[in-house]
>>> print(open('entry-v8.txt').read())   # compact mmCIF, C-alpha atoms
# COMPACT_ATOMS: atom_id res chain seq x y z
CA MET K 1 80.64 78.22 96.85
CA ALA K 2 79.23 75.04 95.41
CA ILE K 3 76.63 72.77 96.93
CA VAL K 4 75.77 69.27 95.79
CA ASP K 5 72.64 67.32 96.59
CA ARG K 6 74.08 63.89 97.37
CA LEU K 7 70.90 62.62 99.00
CA ARG K 8 68.80 62.51 95.88
CA PRO K 9 70.63 62.16 92.54
CA ARG K 10 68.81 64.12 89.90
CA GLY K 11 67.90 63.20 86.39
CA ARG K 12 68.27 65.70 83.59
CA LEU K 13 65.28 67.31 81.93
CA SER K 14 64.75 66.76 78.24
CA ARG K 15 65.49 69.69 75.96
CA SER K 16 61.77 70.03 75.24
CA ALA K 17 61.05 70.28 78.95
CA ALA K 18 63.82 72.82 79.31
CA ALA K 19 62.33 74.80 76.45
CA LEU K 20 58.95 74.80 78.17
CA ALA K 21 60.63 75.99 81.33
CA VAL K 22 62.20 78.88 79.45
CA GLY K 23 58.80 80.01 78.28
CA GLY K 24 57.48 79.84 81.82
CA PHE K 25 60.32 81.96 83.15
CA ALA K 26 59.75 84.61 80.52
CA VAL K 27 56.18 85.06 81.67
CA ALA K 28 56.59 84.88 85.46
CA ALA K 29 60.05 85.24 86.89
CA VAL K 30 59.16 86.64 90.30
CA LEU K 31 56.78 85.11 92.79
CA THR K 32 56.68 87.99 95.26
CA THR K 33 57.81 91.58 94.88
CA ALA K 34 59.75 93.89 97.14
CA VAL K 35 58.02 95.12 100.24
CA ALA K 36 57.02 98.77 100.37
CA GLY K 37 59.34 101.23 102.06
CA PRO K 38 62.87 100.58 103.27
CA ALA K 39 63.64 96.94 103.96
CA GLY K 40 64.58 96.01 107.48
CA ALA K 41 67.84 94.28 108.22
CA ASP K 42 67.91 90.62 107.21
CA THR K 43 64.52 90.71 105.51
CA VAL K 44 63.46 88.60 102.51
CA THR K 45 62.42 91.10 99.84
CA ASP K 46 61.97 88.90 96.77
CA SER K 47 61.52 85.28 95.73
CA ILE K 48 62.59 84.62 92.15
CA GLU K 49 61.48 81.52 90.25
CA VAL K 50 64.36 79.78 88.48
CA GLY K 51 64.85 76.19 87.24
CA ALA K 52 64.39 72.81 88.89
CA ASN K 53 66.53 72.14 91.95
CA PRO K 54 68.72 75.25 91.97
CA VAL K 55 71.97 74.67 93.86
CA GLY K 56 74.90 77.02 93.27
CA VAL K 57 74.82 80.81 92.97
CA ALA K 58 77.47 83.41 92.19
CA ILE K 59 77.26 87.17 91.70
CA SER K 60 79.09 89.34 89.17
CA GLY K 61 78.14 92.99 88.88
CA THR K 62 74.38 93.18 88.36
CA ARG K 63 74.01 89.53 87.43
CA ALA K 64 73.43 86.41 89.53
CA TYR K 65 74.17 83.02 87.97
CA VAL K 66 72.21 80.05 89.35
CA THR K 67 72.84 76.39 88.52
CA ASN K 68 69.65 74.37 88.07
CA GLN K 69 70.64 70.80 88.84
CA SER K 70 67.72 68.93 87.30
CA ASP K 71 67.37 71.20 84.25
CA GLY K 72 70.98 71.16 83.13
CA THR K 73 70.77 74.94 82.88
CA VAL K 74 72.01 78.17 84.41
CA SER K 75 69.55 80.98 85.13
CA VAL K 76 70.87 84.54 84.81
CA ILE K 77 69.17 87.05 87.09
CA ASP K 78 69.27 90.82 86.57
CA THR K 79 69.76 91.91 90.18
CA ALA K 80 69.41 95.61 89.30
CA ALA K 81 65.89 95.19 87.95
CA THR K 82 62.90 96.10 90.13
CA PRO K 83 61.99 93.42 91.00
CA PRO K 84 64.98 91.19 90.09
CA ALA K 85 64.14 88.82 87.24
CA VAL K 86 65.55 86.00 85.12
CA ILE K 87 66.79 87.39 81.79
CA ASP K 88 68.65 84.42 80.28
CA ILE K 89 68.73 80.63 80.56
CA ILE K 90 71.88 78.82 79.41
CA GLU K 91 72.12 75.10 78.70
CA VAL K 92 75.18 73.47 80.26
CA GLY K 93 76.08 69.87 81.20
CA ALA K 94 74.24 67.23 83.22
CA ASN K 95 73.41 68.07 86.84
CA PRO K 96 75.24 71.41 87.21
CA VAL K 97 76.02 72.30 90.81
CA GLY K 98 78.96 74.65 91.40
CA VAL K 99 79.49 78.06 89.85
CA ALA K 100 82.28 80.65 90.06
CA ILE K 101 82.91 83.78 88.01
CA SER K 102 86.10 85.54 86.96
CA GLY K 103 85.99 88.49 84.59
CA THR K 104 83.74 87.61 81.68
CA ARG K 105 83.82 83.87 82.30
CA ALA K 106 81.58 81.69 84.48
CA TYR K 107 82.73 78.17 85.34
CA ILE K 108 80.05 75.54 85.99
CA THR K 109 80.73 72.07 87.43
CA ASN K 110 78.57 69.39 85.81
CA GLN K 111 78.24 66.61 88.37
CA SER K 112 77.09 63.81 86.07
CA ASP K 113 79.31 64.71 83.10
CA GLY K 114 82.62 65.04 84.91
CA THR K 115 83.06 68.35 83.11
CA VAL K 116 83.21 72.10 83.61
CA SER K 117 81.26 74.36 81.26
CA VAL K 118 82.77 77.78 80.55
CA ILE K 119 80.25 80.55 79.84
CA ASP K 120 81.11 83.82 78.09
CA THR K 121 79.09 86.19 80.25
CA ALA K 122 79.82 89.17 77.97
CA ALA K 123 78.21 87.53 74.93
CA THR K 124 74.66 88.45 73.88
CA PRO K 125 73.14 86.17 74.94
CA PRO K 126 75.66 84.49 77.28
CA ALA K 127 76.71 81.09 75.94
CA VAL K 128 78.97 78.11 76.62
CA ILE K 129 82.28 78.49 74.78
CA ASP K 130 84.34 75.63 76.27
CA ILE K 131 83.84 72.28 78.00
CA ILE K 132 86.68 70.97 80.17
CA GLU K 133 87.00 67.39 81.36
CA VAL K 134 87.86 67.08 85.06
CA GLY K 135 87.38 64.27 87.59
CA ALA K 136 84.31 62.25 88.51
CA SER K 137 81.41 64.10 90.13
CA PRO K 138 82.88 67.62 90.20
CA SER K 139 81.28 69.72 92.89
CA GLY K 140 82.82 72.97 94.12
CA VAL K 141 84.74 75.51 92.07
CA ALA K 142 86.74 78.60 93.02
CA ILE K 143 88.94 80.88 90.94
CA SER K 144 92.14 82.75 91.75
CA GLY K 145 94.08 84.54 89.03
CA THR K 146 94.43 82.24 86.03
CA ARG K 147 93.58 79.09 87.93
CA ALA K 148 90.23 77.44 88.68
CA TYR K 149 90.12 74.83 91.45
CA VAL K 150 87.50 72.08 91.07
CA THR K 151 86.72 69.48 93.74
CA ASN K 152 86.11 65.99 92.36
CA TRP K 153 83.89 64.14 94.82
CA GLY K 154 84.46 60.67 93.36
CA PRO K 155 88.27 60.31 93.28
CA GLY K 156 89.01 62.66 96.18
CA THR K 157 90.97 65.12 94.09
CA VAL K 158 91.11 68.76 93.03
CA SER K 159 91.57 69.58 89.35
CA VAL K 160 93.48 72.80 88.68
CA ILE K 161 92.42 74.42 85.41
CA ASP K 162 94.65 76.87 83.56
CA THR K 163 92.00 79.39 82.54
CA ALA K 164 94.48 81.38 80.42
CA ALA K 165 95.24 78.46 78.12
CA THR K 166 93.59 78.20 74.70
CA PRO K 167 91.48 76.22 75.22
CA PRO K 168 91.37 76.10 79.04
CA ALA K 169 92.62 72.74 80.33
CA VAL K 170 93.51 70.87 83.51
CA ALA K 171 97.12 71.64 84.44
CA ASP K 172 97.38 69.76 87.76
CA ILE K 173 95.51 67.20 89.87
CA ILE K 174 95.89 67.27 93.65
CA GLU K 175 94.89 64.47 96.01
CA VAL K 176 92.94 65.68 99.05
CA GLY K 177 90.57 63.94 101.48
CA ALA K 178 87.49 61.79 101.02
CA SER K 179 84.58 63.21 99.02
CA PRO K 180 85.79 66.81 98.63
CA SER K 181 82.94 69.26 98.16
CA GLY K 182 83.47 72.96 98.81
CA VAL K 183 86.52 75.04 97.95
CA ALA K 184 87.55 78.64 98.65
CA VAL K 185 90.76 80.46 97.76
CA ASN K 186 92.44 83.25 99.69
CA GLY K 187 95.86 84.53 98.67
CA THR K 188 98.12 81.53 98.07
CA ARG K 189 95.93 79.06 99.93
CA ALA K 190 92.95 76.99 98.82
CA TYR K 191 90.71 75.43 101.48
CA VAL K 192 88.88 72.22 100.55
CA THR K 193 86.18 70.61 102.67
CA ASN K 194 86.37 66.81 102.72
CA TRP K 195 82.82 65.67 103.38
CA GLY K 196 83.76 62.03 103.83
CA ASP K 197 86.35 62.39 106.58
CA GLY K 198 85.37 65.58 108.43
CA THR K 199 88.47 67.55 107.49
CA VAL K 200 89.70 70.55 105.54
CA SER K 201 92.74 70.24 103.26
CA VAL K 202 94.92 73.32 102.72
CA ILE K 203 96.59 73.66 99.32
CA ASP K 204 99.59 75.89 98.64
CA THR K 205 98.53 77.33 95.29
CA ALA K 206 101.90 79.09 94.79
CA ALA K 207 103.87 75.84 94.87
CA ILE K 208 104.95 74.22 91.60
CA PRO K 209 103.05 72.00 91.33
CA PRO K 210 100.35 73.05 93.85
CA ALA K 211 100.27 70.68 96.82
CA VAL K 212 98.54 70.01 100.12
CA ILE K 213 100.49 71.44 103.05
CA GLY K 214 100.31 70.19 106.62
CA ALA K 215 97.92 67.69 108.08
CA PRO K 216 94.21 68.00 107.30
CA ILE K 217 92.33 70.22 109.75
CA ARG K 218 89.74 68.35 111.76
CA VAL K 219 86.36 70.13 111.76
CA GLY K 220 82.79 68.84 112.28
CA ALA K 221 80.96 65.97 110.63
CA ASN K 222 80.42 66.13 106.87
CA PRO K 223 81.81 69.61 106.14
CA TYR K 224 80.31 71.11 103.01
CA GLY K 225 80.44 74.83 102.37
CA VAL K 226 83.51 76.99 103.05
CA ALA K 227 84.19 80.72 102.79
CA VAL K 228 87.27 82.74 103.67
CA ASN K 229 87.26 86.33 104.92
CA GLY K 230 90.45 87.99 106.13
CA ASN K 231 92.26 85.60 108.46
CA ARG K 232 89.30 83.33 109.09
CA ALA K 233 87.74 80.44 107.18
CA TYR K 234 84.16 79.43 107.98
CA VAL K 235 83.15 75.81 107.40
CA ALA K 236 79.55 74.55 107.42
CA ASN K 237 79.41 71.08 109.00
CA GLN K 238 76.37 69.38 107.53
CA GLY K 239 76.35 66.42 109.90
CA SER K 240 77.02 68.42 113.07
CA GLY K 241 74.71 71.38 112.53
CA THR K 242 77.64 73.70 113.26
CA VAL K 243 80.13 76.11 111.73
CA SER K 244 83.84 75.70 112.46
CA VAL K 245 86.11 78.77 112.39
CA ILE K 246 89.70 78.27 111.19
CA ASP K 247 92.54 80.70 111.90
CA THR K 248 94.16 80.85 108.46
CA VAL K 249 97.19 82.96 109.44
CA ALA K 250 98.43 80.70 112.22
CA SER K 251 101.71 78.92 111.48
CA ARG K 252 99.60 75.78 111.45
CA PRO K 253 96.02 76.73 110.48
CA ALA K 254 93.65 75.30 113.08
CA VAL K 255 90.10 75.54 114.39
CA ILE K 256 89.70 78.24 117.02
CA GLY K 257 86.95 78.43 119.59
CA ALA K 258 83.95 76.20 119.97
CA PRO K 259 81.83 75.28 116.93
CA ILE K 260 78.97 77.70 116.31
CA ARG K 261 75.58 76.05 116.51
CA VAL K 262 73.36 76.91 113.52
CA GLY K 263 70.27 75.29 111.96
CA ALA K 264 69.81 71.72 110.79
CA ASN K 265 71.93 70.45 107.91
CA PRO K 266 73.99 73.56 107.11
CA TYR K 267 75.23 73.57 103.51
CA GLY K 268 76.41 76.87 102.08
CA VAL K 269 78.24 79.77 103.72
CA ALA K 270 79.09 83.28 102.54
CA VAL K 271 80.75 86.11 104.44
CA ASN K 272 80.20 89.86 104.13
CA GLY K 273 82.02 92.19 106.50
CA ASN K 274 81.33 91.00 110.02
CA ARG K 275 78.44 88.74 109.04
CA ALA K 276 78.44 85.11 107.89
CA TYR K 277 75.32 83.72 106.21
CA VAL K 278 74.74 79.97 106.49
CA THR K 279 71.99 78.04 104.70
CA ASP K 280 70.24 75.53 106.97
CA ARG K 281 68.93 73.00 104.48
CA THR K 282 66.55 71.02 106.68
CA SER K 283 65.39 74.01 108.72
CA GLY K 284 64.54 76.12 105.67
CA THR K 285 66.41 79.03 107.20
CA VAL K 286 69.54 81.15 106.94
CA SER K 287 71.57 81.62 110.13
CA VAL K 288 73.31 84.99 110.47
CA ILE K 289 76.55 84.90 112.48
CA ASP K 290 78.16 88.00 113.98
CA THR K 291 81.79 87.17 113.22
CA ALA K 292 83.07 90.18 115.18
CA ALA K 293 81.51 89.02 118.45
CA THR K 294 83.59 87.26 121.10
CA PRO K 295 82.88 84.44 120.61
CA PRO K 296 81.13 84.58 117.20
CA ALA K 297 77.45 83.74 117.57
CA VAL K 298 74.18 83.51 115.65
CA ILE K 299 72.30 86.82 115.96
CA ASP K 300 69.44 86.18 113.56
CA THR K 301 67.61 83.36 111.79
CA ILE K 302 65.80 84.14 108.54
CA ASP K 303 63.03 82.00 107.10
CA VAL K 304 63.46 81.34 103.37
CA ARG K 305 61.97 78.57 101.19
CA THR K 306 62.44 74.79 101.01
CA ASN K 307 65.93 73.27 101.23
CA PRO K 308 68.13 76.38 100.98
CA SER K 309 71.52 75.42 99.57
CA GLY K 310 73.80 77.91 97.82
CA VAL K 311 74.36 81.44 99.12
CA ALA K 312 76.20 84.47 97.75
CA VAL K 313 76.44 88.15 98.66
CA GLY K 314 76.09 90.95 96.11
CA GLY K 315 75.98 94.57 97.23
CA ASN K 316 73.54 94.85 100.11
CA ARG K 317 71.66 91.68 99.21
CA VAL K 318 72.14 87.97 99.93
CA TYR K 319 70.96 85.47 97.31
CA VAL K 320 69.89 82.00 98.46
CA THR K 321 68.99 79.07 96.21
CA ASN K 322 66.05 77.06 97.51
CA GLN K 323 66.52 73.63 95.97
CA GLY K 324 63.19 72.24 97.07
CA SER K 325 61.08 75.11 95.72
CA GLY K 326 62.96 76.09 92.57
CA THR K 327 63.44 79.65 93.74
CA VAL K 328 66.05 82.16 94.84
CA SER K 329 65.33 84.17 97.99
CA VAL K 330 66.71 87.70 98.10
CA ILE K 331 67.59 88.97 101.57
CA ALA K 332 68.23 92.61 102.38
CA ILE K 333 71.27 92.80 104.63
CA ASP K 334 70.83 96.45 105.53
CA GLU K 335 72.53 97.42 108.78
CA SER K 336 71.65 100.17 111.23
CA PRO K 337 74.07 103.11 111.23
CA THR K 338 77.07 103.81 113.43
CA LEU K 339 78.87 107.14 113.82
CA ALA K 340 82.21 107.82 115.50
CA GLY K 341 85.05 110.31 115.58
CA THR K 342 86.65 113.13 117.59
CA PRO K 343 87.26 116.30 115.58
CA ALA K 344 90.56 118.15 115.97
CA THR K 345 90.83 121.82 116.94
CA GLY K 346 90.40 124.30 114.08
CA ILE K 347 91.99 127.68 113.47
CA ILE K 348 90.26 130.76 112.14
CA GLY K 349 91.15 131.46 108.54
CA GLN K 350 92.77 128.09 107.91
CA PRO K 351 91.16 125.24 105.88
CA TYR K 352 89.69 122.52 108.08
CA SER K 353 88.57 118.97 107.37
CA HIS K 354 87.56 116.02 109.54
CA THR K 355 85.92 112.80 108.33
CA PHE K 356 83.71 110.95 110.79
CA THR K 357 83.56 107.15 110.63
CA VAL K 358 80.13 106.16 109.32
CA THR K 359 78.88 102.62 108.69
CA GLY K 360 75.54 101.10 107.72
CA GLN K 361 73.63 99.77 104.74
CA PRO K 362 72.25 101.65 102.92
CA ALA K 363 74.74 104.48 103.42
CA PRO K 364 73.50 106.65 106.30
CA THR K 365 72.86 110.39 106.08
CA VAL K 366 74.78 112.45 108.64
CA SER K 367 73.39 115.74 109.97
CA VAL K 368 73.46 118.10 112.98
CA LEU K 369 70.83 117.11 115.51
CA ALA K 370 71.54 119.82 118.10
CA GLY K 371 73.83 122.86 118.27
CA THR K 372 75.23 125.09 115.56
CA LEU K 373 78.32 124.65 113.42
CA PRO K 374 80.94 127.39 113.47
CA ASP K 375 80.57 129.96 110.70
CA GLY K 376 82.45 128.79 107.61
CA LEU K 377 82.12 125.05 108.26
CA THR K 378 79.65 122.60 106.72
CA LEU K 379 78.83 118.93 107.37
CA SER K 380 78.27 116.73 104.32
CA GLN K 381 75.71 113.93 104.28
CA ASP K 382 78.51 111.34 104.28
CA GLY K 383 80.09 112.74 107.45
CA VAL K 384 82.80 115.16 106.29
CA LEU K 385 83.15 118.36 108.33
CA SER K 386 85.02 120.91 106.23
CA GLY K 387 85.50 124.56 105.29
CA THR K 388 87.37 127.57 106.65
CA PRO K 389 86.13 128.70 110.08
CA THR K 390 85.57 132.42 110.62
CA THR K 391 84.41 132.36 114.25
CA SER K 392 86.33 131.21 117.29
CA GLY K 393 84.86 129.52 120.31
CA ARG K 394 83.87 126.22 121.83
CA PHE K 395 81.01 124.56 119.97
CA GLU K 396 79.05 121.73 121.54
CA LEU K 397 77.02 119.77 119.01
CA THR K 398 75.19 116.50 118.58
CA LEU K 399 75.44 114.70 115.25
CA THR K 400 73.20 111.92 114.00
CA ALA K 401 73.38 109.29 111.26
CA THR K 402 70.19 107.72 109.87
CA ASN K 403 69.38 105.28 107.07
CA GLY K 404 65.91 104.04 107.94
CA ILE K 405 67.26 100.83 109.48
CA GLY K 406 67.08 100.37 113.24
CA ASP K 407 67.89 103.24 115.59
CA ALA K 408 69.71 106.38 114.48
CA ALA K 409 73.32 106.78 115.62
CA VAL K 410 73.92 109.77 117.88
CA LEU K 411 77.33 111.34 118.56
CA PRO K 412 77.92 114.31 120.93
CA ILE K 413 81.06 116.27 120.00
CA VAL K 414 82.97 119.34 121.14
CA LEU K 415 84.68 121.41 118.44
CA ASP K 416 87.17 124.09 119.45
CA ILE K 417 88.04 126.87 117.03
CA THR K 418 90.93 129.11 118.12
CA ASP K 419 92.05 132.57 116.99
CA THR K 420 95.81 132.57 116.57
CA THR K 421 95.97 135.78 114.52
CA PRO K 422 98.94 137.87 115.89
CA PRO K 423 98.27 141.42 117.14
CA ALA K 424 98.62 144.19 114.58
CA ALA K 425 102.18 145.71 114.39
CA GLY K 426 102.52 149.52 114.93
CA SER K 427 104.81 152.32 116.29
CA PHE K 428 105.44 152.96 119.96
CA GLY K 429 103.73 156.35 119.58
CA SER K 430 105.35 159.51 121.06
CA PHE K 431 107.84 157.52 123.11
CA GLY K 432 109.99 156.87 120.05
CA SER K 433 112.80 154.38 120.44
CA VAL K 434 114.39 153.77 123.81
CA GLY K 435 117.85 154.40 122.48
CA SER K 436 117.04 157.90 121.29
CA SER K 437 115.15 159.06 124.34
CA SER K 438 116.62 161.91 126.46
CA TRP K 439 115.54 162.42 130.02
CA THR K 440 116.19 165.54 132.12
CA PHE K 441 116.13 165.34 135.89
>>> encode(input="entry-v8.txt", output="structure tokens")
Amino acid sequence: MAIVDRLRPRGRLSRSAAALAVGGFAVAAVLTTAVAGPAGADTVTDSIEVGANPVGVAISGTRAYVTNQSDGTVSVIDTAATPPAVIDIIEVGANPVGVAISGTRAYITNQSDGTVSVIDTAATPPAVIDIIEVGASPSGVAISGTRAYVTNWGPGTVSVIDTAATPPAVADIIEVGASPSGVAVNGTRAYVTNWGDGTVSVIDTAAIPPAVIGAPIRVGANPYGVAVNGNRAYVANQGSGTVSVIDTVASRPAVIGAPIRVGANPYGVAVNGNRAYVTDRTSGTVSVIDTAATPPAVIDTIDVRTNPSGVAVGGNRVYVTNQGSGTVSVIAIDESPTLAGTPATGIIGQPYSHTFTVTGQPAPTVSVLAGTLPDGLTLSQDGVLSGTPTTSGRFELTLTATNGIGDAAVLPIVLDITDTTPPAAGSFGSFGSVGSSSWTF
């Protein structure tokens, strides 16, 4: 997901200034450290100092890549470190904004250069290995297979880069709406937000050449960020302070339901499971939407730093670039546990296994709260009841799942173990066989 600051065009720092910044990062990369004990759901745990005016962010493995618009650099954060810290700074083009990663390559849109920088993330240190010319004022970038899709704000186009070519080069140019900004790809469809006309263009990426299909989808005012999850696309409408939800599997993709009211000036959006995270630029917050609710609704608002813009999810953390404060906020997205399932009847002497459905972040620990398991069966910490029962009966138990977040999940169950062993075979005793018996009256 790429975000562009169109309100205040940025100048580029000199290389000497960038060098000074590198030294500063090496000394103090983290402003605040993780809180003690388990983090609560949707809690800011770290604030990492990066470059000037950070905008885009993308996660790959244990690395977060952040575009610093005014520095002309990309900060690389080690997300596995305690606390997370900047470990590399890479010089790219002028006013970098968007970032997307595929394999060992990161693609950076340079707004003022009209180029895309390609970073080899596997190199030591990571470095730019290619520069690709695209359209004027490139903004968003998304990758699918061997194609990268770049929105060109100025001409209202999308450049399609063949990433498998040597060197990578633009293979197609697609006309979309006015001032395209964000782009997300799902399957054979790319969704492009057109900031200037309040629409979303849908591109058939499997067509030769790729082309816009159907009429543009009308959303809110000044749509910016877009993310796709399953059969839904979520669009942040900067001018409306809302999020539009698009049904992507309908014969004609269209907005469903009423717009979801979020904070002021929403920019970026990222989806993880049944949660959507939206950066509210003017509010200095992140709105958390429960996408599984009917209708979807904001269930939490998290305070971050000044002018949050880009947002990405990695593991059980959300990373938010704060353009106004030159930082990245790290949000724990831990979820309280759930536990469900109805075990089947077991039989003495026969192997038994039942897996309960357990959710939560971090992974909950499942245990027996009340009652006793049948002899021969055990319950693993991840919710698998297994073994070979040796005792029959009806066992009433209560299970629990805990992970230190919110309330524990509690599940009463009844487990029946039957004895189907046939009676032992033997002779009829002194009666012998009926056919051979002789009776005297």
>>> atom_distance(input="entry-v8.txt", atom1="CA of Val410 (chain K)", atom2="CA of Ser392 (chain K)")
24.8 Å
>>> residues_around(input="entry-v8.txt", residues="Leu411 (chain K)", least_positions_apart="4", cutoff="8 Å", atoms="only C-alpha atoms", output="list of chain:residue names")
K:Leu339, K:Ala340, K:Thr398, K:Leu399, K:Thr400
>>> closest_residue(input="entry-v8.txt", among="K:Arg189, K:Arg232, K:Arg105, K:Arg394", to="Pro374 (chain K)", atoms="all atoms listed in the file")
K:Arg394
>>> residues_around(input="entry-v8.txt", residues="Ile90 (chain K)", least_positions_apart="2", cutoff="9 Å", atoms="all atoms listed in the file", output="PyMOL selection string")
chain K and resi 72-76+88+92+119+125-128
>>> residues_near_point(input="entry-v8.txt", point="(84.3, 115.1, 120.0)", cutoff="8 Å", atoms="only C-alpha atoms", output="list of chain:residue names")
K:Gly341, K:Thr342, K:Pro343, K:Pro412, K:Ile413, K:Val414, K:Leu415
>>> residues_around(input="entry-v8.txt", residues="region 57-71 of chain K", least_positions_apart="2", cutoff="6 Å", atoms="all atoms listed in the file", output="PDB file with C-alpha atoms, in the frame of the given file")
ATOM      1  CA  ARG K  10      68.810  64.120  89.900  1.00  0.00           C
ATOM      2  CA  GLY K  11      67.900  63.200  86.390  1.00  0.00           C
ATOM      3  CA  ARG K  12      68.270  65.700  83.590  1.00  0.00           C
ATOM      4  CA  LEU K  13      65.280  67.310  81.930  1.00  0.00           C
ATOM      5  CA  GLY K  51      64.850  76.190  87.240  1.00  0.00           C
ATOM      6  CA  ALA K  52      64.390  72.810  88.890  1.00  0.00           C
ATOM      7  CA  ASN K  53      66.530  72.140  91.950  1.00  0.00           C
ATOM      8  CA  PRO K  54      68.720  75.250  91.970  1.00  0.00           C
ATOM      9  CA  VAL K  55      71.970  74.670  93.860  1.00  0.00           C
ATOM     10  CA  THR K  73      70.770  74.940  82.880  1.00  0.00           C
ATOM     11  CA  VAL K  74      72.010  78.170  84.410  1.00  0.00           C
ATOM     12  CA  SER K  75      69.550  80.980  85.130  1.00  0.00           C
ATOM     13  CA  VAL K  76      70.870  84.540  84.810  1.00  0.00           C
ATOM     14  CA  ILE K  77      69.170  87.050  87.090  1.00  0.00           C
ATOM     15  CA  ASP K  78      69.270  90.820  86.570  1.00  0.00           C
ATOM     16  CA  THR K  79      69.760  91.910  90.180  1.00  0.00           C
ATOM     17  CA  ALA K  80      69.410  95.610  89.300  1.00  0.00           C
ATOM     18  CA  ASN K  95      73.410  68.070  86.840  1.00  0.00           C
ATOM     19  CA  PRO K  96      75.240  71.410  87.210  1.00  0.00           C
ATOM     20  CA  VAL K  97      76.020  72.300  90.810  1.00  0.00           C
ATOM     21  CA  ALA K 100      82.280  80.650  90.060  1.00  0.00           C
ATOM     22  CA  GLY K 310      73.800  77.910  97.820  1.00  0.00           C
ATOM     23  CA  ALA K 312      76.200  84.470  97.750  1.00  0.00           C
ATOM     24  CA  GLY K 314      76.090  90.950  96.110  1.00  0.00           C
TER      25      GLY K 314
END
>>> atom_distance(input="entry-v8.txt", atom1="CA of Gly324 (chain K)", atom2="CA of Val304 (chain K)")
11.1 Å
>>> atom_distance(input="entry-v8.txt", atom1="CA of Asp162 (chain K)", atom2="CA of Glu133 (chain K)")
12.4 Å
>>> closest_residue(input="entry-v8.txt", among="K:Val116, K:Thr109, K:Gly177, K:Thr188", to="Ser144 (chain K)", atoms="all atoms listed in the file")
K:Thr188
>>> residues_around(input="entry-v8.txt", residues="Pro362 (chain K)", least_positions_apart="3", cutoff="12 Å", atoms="all atoms listed in the file", output="count of residues only")
24
>>> decode(input="entry-v8.txt", residues="region 277-281 of chain K", atoms="all heavy atoms", output="mmCIF file, in the first residue's frame")
data_model
loop_
_atom_site.group_PDB
_atom_site.id
_atom_site.type_symbol
_atom_site.label_atom_id
_atom_site.label_comp_id
_atom_site.auth_asym_id
_atom_site.auth_seq_id
_atom_site.Cartn_x
_atom_site.Cartn_y
_atom_site.Cartn_z
ATOM 1 N N TYR K 277 -7.147 -2.207 9.446
ATOM 2 C CA TYR K 277 -6.468 -1.122 10.153
ATOM 3 C C TYR K 277 -6.330 0.069 9.211
ATOM 4 O O TYR K 277 -5.738 -0.044 8.130
ATOM 5 C CB TYR K 277 -5.100 -1.593 10.651
ATOM 6 C CG TYR K 277 -5.219 -2.728 11.643
ATOM 7 C CD1 TYR K 277 -5.304 -4.048 11.211
ATOM 8 C CD2 TYR K 277 -5.285 -2.483 13.006
ATOM 9 C CE1 TYR K 277 -5.449 -5.091 12.110
ATOM 10 C CE2 TYR K 277 -5.427 -3.526 13.915
ATOM 11 C CZ TYR K 277 -5.508 -4.820 13.454
ATOM 12 O OH TYR K 277 -5.653 -5.858 14.348
ATOM 13 N N VAL K 278 -6.870 1.204 9.622
ATOM 14 C CA VAL K 278 -6.932 2.395 8.774
ATOM 15 C C VAL K 278 -6.217 3.545 9.467
ATOM 16 O O VAL K 278 -6.516 3.868 10.625
ATOM 17 C CB VAL K 278 -8.395 2.790 8.486
ATOM 18 C CG1 VAL K 278 -8.443 4.017 7.586
ATOM 19 C CG2 VAL K 278 -9.159 1.625 7.865
ATOM 20 N N THR K 279 -5.257 4.170 8.768
ATOM 21 C CA THR K 279 -4.554 5.314 9.352
ATOM 22 C C THR K 279 -5.371 6.576 9.142
ATOM 23 O O THR K 279 -5.775 6.895 8.023
ATOM 24 C CB THR K 279 -3.167 5.483 8.717
ATOM 25 O OG1 THR K 279 -3.291 5.608 7.302
ATOM 26 C CG2 THR K 279 -2.278 4.302 9.040
ATOM 27 N N ASP K 280 -5.624 7.293 10.230
ATOM 28 C CA ASP K 280 -6.372 8.552 10.200
ATOM 29 C C ASP K 280 -5.356 9.688 10.306
ATOM 30 O O ASP K 280 -4.920 10.040 11.408
ATOM 31 C CB ASP K 280 -7.372 8.605 11.358
ATOM 32 C CG ASP K 280 -8.243 7.362 11.422
ATOM 33 O OD1 ASP K 280 -8.752 6.942 10.375
ATOM 34 O OD2 ASP K 280 -8.410 6.812 12.529
ATOM 35 N N ARG K 281 -4.996 10.242 9.162
ATOM 36 C CA ARG K 281 -3.873 11.167 9.099
ATOM 37 C C ARG K 281 -4.046 12.380 10.003
ATOM 38 O O ARG K 281 -3.172 12.725 10.794
ATOM 39 C CB ARG K 281 -3.656 11.604 7.646
ATOM 40 C CG ARG K 281 -2.485 12.542 7.461
ATOM 41 C CD ARG K 281 -2.289 12.883 6.000
ATOM 42 N NE ARG K 281 -1.278 13.909 5.856
ATOM 43 C CZ ARG K 281 0.022 13.695 5.834
ATOM 44 N NH1 ARG K 281 0.475 12.468 5.965
ATOM 45 N NH2 ARG K 281 0.885 14.680 5.698
#
